[in-house]
Each structure stands twice: as structure tokens, then as C-alpha cells.
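Chemist: What follows is start09.txt, made up of compact mmCIF, C-alpha atoms:
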```txt
# COMPACT_ATOMS: atom_id res chain seq x y z
CA MET A 15 106.23 87.92 130.28
CA LEU A 16 108.50 86.10 127.80
CA ARG A 17 105.65 85.89 125.32
CA ARG A 18 105.05 89.64 125.72
CA LYS A 19 108.72 90.45 124.99
CA SER A 20 108.68 88.08 122.05
CA SER A 21 105.61 89.74 120.58
CA ARG A 22 107.16 93.19 121.08
CA LEU A 23 110.37 92.02 119.39
CA THR A 24 108.37 90.62 116.48
CA GLU A 25 106.47 93.89 116.17
CA LEU A 26 109.68 95.94 116.12
CA THR A 27 111.27 93.57 113.60
CA ASP A 28 108.25 93.90 111.32
CA LYS A 29 108.43 97.69 111.55
CA LEU A 30 112.13 97.61 110.71
CA ILE A 31 111.52 95.38 107.69
CA TYR A 32 108.71 97.67 106.52
CA VAL A 33 110.91 100.77 106.81
CA LEU A 34 113.83 99.10 105.01
CA GLU A 35 111.53 98.01 102.19
CA ARG A 36 110.04 101.48 101.97
CA ILE A 37 113.39 103.25 101.57
CA ASN A 38 114.50 100.71 98.93
CA LEU A 39 117.67 99.81 100.80
CA THR A 40 118.36 96.83 98.56
CA ASP A 41 118.22 99.03 95.43
CA TYR A 42 120.58 101.51 97.05
CA ILE A 43 123.06 98.78 98.00
CA GLU A 44 122.94 97.39 94.45
CA TYR A 45 123.55 100.92 93.13
CA LEU A 46 126.58 101.34 95.40
CA GLU A 47 127.99 98.00 94.30
CA ASN A 48 127.71 98.88 90.59
CA THR A 49 130.93 100.89 90.16
CA ASN A 50 130.35 101.88 86.53
CA LYS A 51 126.89 103.30 87.22
CA LEU A 52 128.17 105.12 90.31
CA LEU A 53 131.09 106.68 88.41
CA PHE A 54 128.87 107.72 85.50
CA THR A 55 126.30 109.31 87.82
CA ASN A 56 128.98 111.19 89.74
CA PHE A 57 130.57 112.33 86.47
CA LEU A 58 127.24 113.76 85.28
CA VAL A 59 126.65 115.47 88.62
CA GLY A 60 130.12 117.05 88.52
CA LEU A 61 129.61 118.16 84.93
CA ALA A 62 126.26 119.78 85.76
CA ARG A 63 127.74 121.46 88.81
CA GLY A 64 130.66 122.86 86.78
CA VAL A 65 128.34 124.22 84.09
CA GLY A 66 126.15 125.75 86.78
CA TYR A 67 129.12 127.47 88.39
CA ALA A 68 130.29 128.83 85.02
CA VAL A 69 126.85 130.16 84.06
CA GLY A 70 126.28 131.65 87.50
CA PHE A 71 129.65 133.35 87.59
CA SER A 72 129.15 134.73 84.09
CA LEU A 73 125.74 136.15 84.95
CA LEU A 74 127.03 137.64 88.20
CA GLY A 75 129.99 139.21 86.40
CA ALA A 76 127.71 140.66 83.72
CA VAL A 77 125.40 142.16 86.33
CA ILE A 78 128.33 143.68 88.22
CA ILE A 79 129.79 145.19 85.04
CA TYR A 80 126.36 146.53 84.05
CA VAL A 81 125.86 148.15 87.48
CA VAL A 82 129.34 149.69 87.39
CA ILE A 83 128.75 151.16 83.94
CA GLU A 84 125.25 152.43 84.76
CA THR A 85 126.23 154.06 88.04
CA GLY A 86 129.04 156.01 86.43
CA MET A 87 131.78 154.34 88.44
CA VAL A 88 133.66 153.85 85.17
CA ASN A 89 135.25 157.26 85.71
CA VAL A 90 136.99 156.05 88.88
CA PRO A 91 140.63 155.64 87.77
CA ALA A 92 141.29 152.18 89.24
CA ILE A 93 138.04 150.69 87.91
CA ASN A 94 138.43 152.45 84.56
CA GLU A 95 141.93 151.01 84.09
CA TYR A 96 140.78 147.51 85.09
CA LEU A 97 137.76 147.57 82.74
CA LYS A 98 139.91 148.89 79.90
CA ASN A 99 142.36 146.01 80.37
CA LEU A 100 139.53 143.52 80.66
CA LEU A 101 137.81 144.72 77.49
CA ASN A 102 141.13 144.72 75.60
CA ALA A 103 141.77 141.13 76.70
CA LEU A 104 138.28 140.02 75.66
CA GLY A 105 138.12 141.90 72.36
```
Would you mind writing the file's structure down as C-alpha cells?

Modeler:
Amino acid sequence: MLRRKSSRLTELTDKLIYVLERINLTDYIEYLENTNKLLFTNFLVGLARGVGYAVGFSLLGAVIIYVVIETGMVNVPAINEYLKNLLNALG
């Protein structure tokens, strides 16, 4: 019985070692310990995210303005006043 438990424990330990090697846990731990590389990577991710937000917001705003102009909602007084102020500020 003891030998059976020992063999089962060895089998589970081997599986654990295989899984840890497969997910490259040592590389990940080394990456987390390298502060400069971690900061640089997070800086690049934040920069890309910020550019993505800016481009997405610009495209969405352009589409909304295009739809408003094409549907004739420009003649609605509140929207007309807002767009006039916006275009004066931009141009």
C-alpha cells in the first residue's frame, strides 16, 4: 500500500513538473523579477492603449457627426448651436 501511494505521488509530481515546464514558469518569474523590462513593457502597453482610445474616439466622433449631418438633424437648434461652436473651436 505504501509503495502504491509512493508511486502515485511520484506520478503526480512528474505531471506537475511537466506542466510547470510547459507554461515556462521560470521564464515568467525571471520576467517579473526584471523591473526594467517589466516597466518598459507596461509603458508600451499603456501607450498603445492610449493611442487606441484616441483613434477609436476620433472615429466614433466622426461617424456620429457624419450621421447627424446626413440625417438633417443639423437644423435642430440645440445640435446646430453645439456643432457651430465645435466647428468654430476647431477651425

Chemist: Might you pull out every residue within 12 Å of range 96-101 of chain A, with all atoms listed in the file counted and same-chain residues fewer than 5 positions away left off, and present them as a compact mmCIF listing (two decimals) with C-alpha atoms, in the frame of the given file?

Modeler:
```
# COMPACT_ATOMS: atom_id res chain seq x y z
CA GLY A 75 129.99 139.21 86.40
CA ILE A 78 128.33 143.68 88.22
CA ILE A 79 129.79 145.19 85.04
CA TYR A 80 126.36 146.53 84.05
CA VAL A 82 129.34 149.69 87.39
CA ILE A 83 128.75 151.16 83.94
CA MET A 87 131.78 154.34 88.44
CA VAL A 88 133.66 153.85 85.17
CA ASN A 89 135.25 157.26 85.71
CA VAL A 90 136.99 156.05 88.88
CA PRO A 91 140.63 155.64 87.77
```

Chemist: Could you please determine the separation between CA of Val65 in chain A and CA of Asp41 in chain A in Å, to one decimal place?

Modeler: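 CA of Asp41 in chain A lies 29.4 Å from CA of Val65 in chain A.
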
Chemist: Quick one, how far is CA of Asn102 in chain A from CA of Glu84 in chain A?

Modeler: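 For CA of Asn102 in chain A relative to CA of Glu84 in chain A, the distance reads 19.9 Å.
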
Chemist: Output as lines of an AutoDock Vina configuration file the centre and edge lengths (Å, one decimal) of the box along x, y and z of the file that holds every listed atom of range 38-47 of chain A after adding 3 Å on each side.

Modeler:
```
center_x = 121.2
center_y = 99.2
center_z = 97.0
size_x = 19.5
size_y = 10.7
size_z = 13.7
```

Chemist: Excluding same-chain residues fewer than 6 positions from Tyr42 in chain A, what lies within 12 Å of it counting all atoms listed in the file, as a PyMOL selection string?

Modeler: chain A and resi 34-36+48+51-52

Chemist: Please report the interatomic distance between CA of Leu30 in chain A and CA of Ile43 in chain A in Å with one decimal.

Modeler: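 We find that CA of Leu30 in chain A and CA of Ile43 in chain A lie 16.8 Å from each other.
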
Chemist: When you get a chance, write out all heavy atoms for range 84-95 of chain A, as a PDB file, in the frame of the given file.

Modeler:
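New file result_7.pdb:
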```
ATOM      1  N   GLU A  84     126.440 151.602  84.604  1.00  0.00           N
ATOM      2  CA  GLU A  84     125.250 152.430  84.760  1.00  0.00           C
ATOM      3  C   GLU A  84     125.372 153.446  85.891  1.00  0.00           C
ATOM      4  O   GLU A  84     124.756 154.501  85.831  1.00  0.00           O
ATOM      5  CB  GLU A  84     124.006 151.559  84.978  1.00  0.00           C
ATOM      6  CG  GLU A  84     123.563 150.823  83.746  1.00  0.00           C
ATOM      7  CD  GLU A  84     123.149 151.756  82.628  1.00  0.00           C
ATOM      8  OE1 GLU A  84     122.414 152.728  82.884  1.00  0.00           O
ATOM      9  OE2 GLU A  84     123.577 151.516  81.479  1.00  0.00           O
ATOM     10  N   THR A  85     126.109 153.129  86.922  1.00  0.00           N
ATOM     11  CA  THR A  85     126.230 154.060  88.040  1.00  0.00           C
ATOM     12  C   THR A  85     127.312 155.103  87.811  1.00  0.00           C
ATOM     13  O   THR A  85     127.474 156.004  88.623  1.00  0.00           O
ATOM     14  CB  THR A  85     126.526 153.313  89.356  1.00  0.00           C
ATOM     15  OG1 THR A  85     127.719 152.557  89.199  1.00  0.00           O
ATOM     16  CG2 THR A  85     125.380 152.425  89.749  1.00  0.00           C
ATOM     17  N   GLY A  86     128.028 155.002  86.735  1.00  0.00           N
ATOM     18  CA  GLY A  86     129.040 156.010  86.430  1.00  0.00           C
ATOM     19  C   GLY A  86     130.345 155.789  87.166  1.00  0.00           C
ATOM     20  O   GLY A  86     131.185 156.688  87.236  1.00  0.00           O
ATOM     21  N   MET A  87     130.533 154.607  87.728  1.00  0.00           N
ATOM     22  CA  MET A  87     131.780 154.340  88.440  1.00  0.00           C
ATOM     23  C   MET A  87     132.923 154.066  87.466  1.00  0.00           C
ATOM     24  O   MET A  87     134.044 153.842  87.875  1.00  0.00           O
ATOM     25  CB  MET A  87     131.624 153.157  89.398  1.00  0.00           C
ATOM     26  CG  MET A  87     130.749 153.454  90.585  1.00  0.00           C
ATOM     27  SD  MET A  87     130.580 152.057  91.696  1.00  0.00           S
ATOM     28  CE  MET A  87     132.236 151.787  92.220  1.00  0.00           C
ATOM     29  N   VAL A  88     132.628 154.106  86.168  1.00  0.00           N
ATOM     30  CA  VAL A  88     133.660 153.850  85.170  1.00  0.00           C
ATOM     31  C   VAL A  88     134.708 154.961  85.203  1.00  0.00           C
ATOM     32  O   VAL A  88     135.859 154.764  84.825  1.00  0.00           O
ATOM     33  CB  VAL A  88     133.020 153.725  83.766  1.00  0.00           C
ATOM     34  CG1 VAL A  88     134.060 153.511  82.697  1.00  0.00           C
ATOM     35  CG2 VAL A  88     132.016 152.596  83.761  1.00  0.00           C
ATOM     36  N   ASN A  89     134.318 156.131  85.676  1.00  0.00           N
ATOM     37  CA  ASN A  89     135.250 157.260  85.710  1.00  0.00           C
ATOM     38  C   ASN A  89     136.227 157.182  86.878  1.00  0.00           C
ATOM     39  O   ASN A  89     137.139 157.999  86.962  1.00  0.00           O
ATOM     40  CB  ASN A  89     134.468 158.575  85.765  1.00  0.00           C
ATOM     41  CG  ASN A  89     133.679 158.787  84.494  1.00  0.00           C
ATOM     42  OD1 ASN A  89     134.086 158.335  83.432  1.00  0.00           O
ATOM     43  ND2 ASN A  89     132.549 159.457  84.603  1.00  0.00           N
ATOM     44  N   VAL A  90     136.037 156.248  87.797  1.00  0.00           N
ATOM     45  CA  VAL A  90     136.990 156.050  88.880  1.00  0.00           C
ATOM     46  C   VAL A  90     138.250 155.441  88.262  1.00  0.00           C
ATOM     47  O   VAL A  90     138.172 154.436  87.557  1.00  0.00           O
ATOM     48  CB  VAL A  90     136.402 155.130  89.976  1.00  0.00           C
ATOM     49  CG1 VAL A  90     137.419 154.843  91.056  1.00  0.00           C
ATOM     50  CG2 VAL A  90     135.142 155.743  90.562  1.00  0.00           C
ATOM     51  N   PRO A  91     139.424 156.054  88.487  1.00  0.00           N
ATOM     52  CA  PRO A  91     140.630 155.640  87.770  1.00  0.00           C
ATOM     53  C   PRO A  91     140.969 154.149  87.880  1.00  0.00           C
ATOM     54  O   PRO A  91     141.283 153.510  86.882  1.00  0.00           O
ATOM     55  CB  PRO A  91     141.731 156.495  88.388  1.00  0.00           C
ATOM     56  CG  PRO A  91     141.031 157.670  88.950  1.00  0.00           C
ATOM     57  CD  PRO A  91     139.664 157.205  89.342  1.00  0.00           C
ATOM     58  N   ALA A  92     140.900 153.583  89.057  1.00  0.00           N
ATOM     59  CA  ALA A  92     141.290 152.180  89.240  1.00  0.00           C
ATOM     60  C   ALA A  92     140.334 151.260  88.481  1.00  0.00           C
ATOM     61  O   ALA A  92     140.755 150.321  87.801  1.00  0.00           O
ATOM     62  CB  ALA A  92     141.323 151.820  90.709  1.00  0.00           C
ATOM     63  N   ILE A  93     139.030 151.520  88.583  1.00  0.00           N
ATOM     64  CA  ILE A  93     138.040 150.690  87.910  1.00  0.00           C
ATOM     65  C   ILE A  93     138.123 150.905  86.405  1.00  0.00           C
ATOM     66  O   ILE A  93     138.016 149.954  85.614  1.00  0.00           O
ATOM     67  CB  ILE A  93     136.624 150.992  88.446  1.00  0.00           C
ATOM     68  CG1 ILE A  93     136.535 150.568  89.910  1.00  0.00           C
ATOM     69  CG2 ILE A  93     135.565 150.277  87.623  1.00  0.00           C
ATOM     70  CD1 ILE A  93     135.238 150.892  90.583  1.00  0.00           C
ATOM     71  N   ASN A  94     138.325 152.146  85.978  1.00  0.00           N
ATOM     72  CA  ASN A  94     138.430 152.450  84.560  1.00  0.00           C
ATOM     73  C   ASN A  94     139.604 151.703  83.931  1.00  0.00           C
ATOM     74  O   ASN A  94     139.475 151.117  82.855  1.00  0.00           O
ATOM     75  CB  ASN A  94     138.597 153.962  84.374  1.00  0.00           C
ATOM     76  CG  ASN A  94     138.493 154.373  82.930  1.00  0.00           C
ATOM     77  OD1 ASN A  94     138.021 153.612  82.105  1.00  0.00           O
ATOM     78  ND2 ASN A  94     138.931 155.574  82.637  1.00  0.00           N
ATOM     79  N   GLU A  95     140.740 151.703  84.596  1.00  0.00           N
ATOM     80  CA  GLU A  95     141.930 151.010  84.090  1.00  0.00           C
ATOM     81  C   GLU A  95     141.683 149.492  84.012  1.00  0.00           C
ATOM     82  O   GLU A  95     142.030 148.844  83.035  1.00  0.00           O
ATOM     83  CB  GLU A  95     143.123 151.304  85.016  1.00  0.00           C
ATOM     84  CG  GLU A  95     144.455 150.890  84.480  1.00  0.00           C
ATOM     85  CD  GLU A  95     144.909 151.823  83.360  1.00  0.00           C
ATOM     86  OE1 GLU A  95     144.533 153.001  83.359  1.00  0.00           O
ATOM     87  OE2 GLU A  95     145.626 151.326  82.494  1.00  0.00           O
TER      88      GLU A  95
END
```
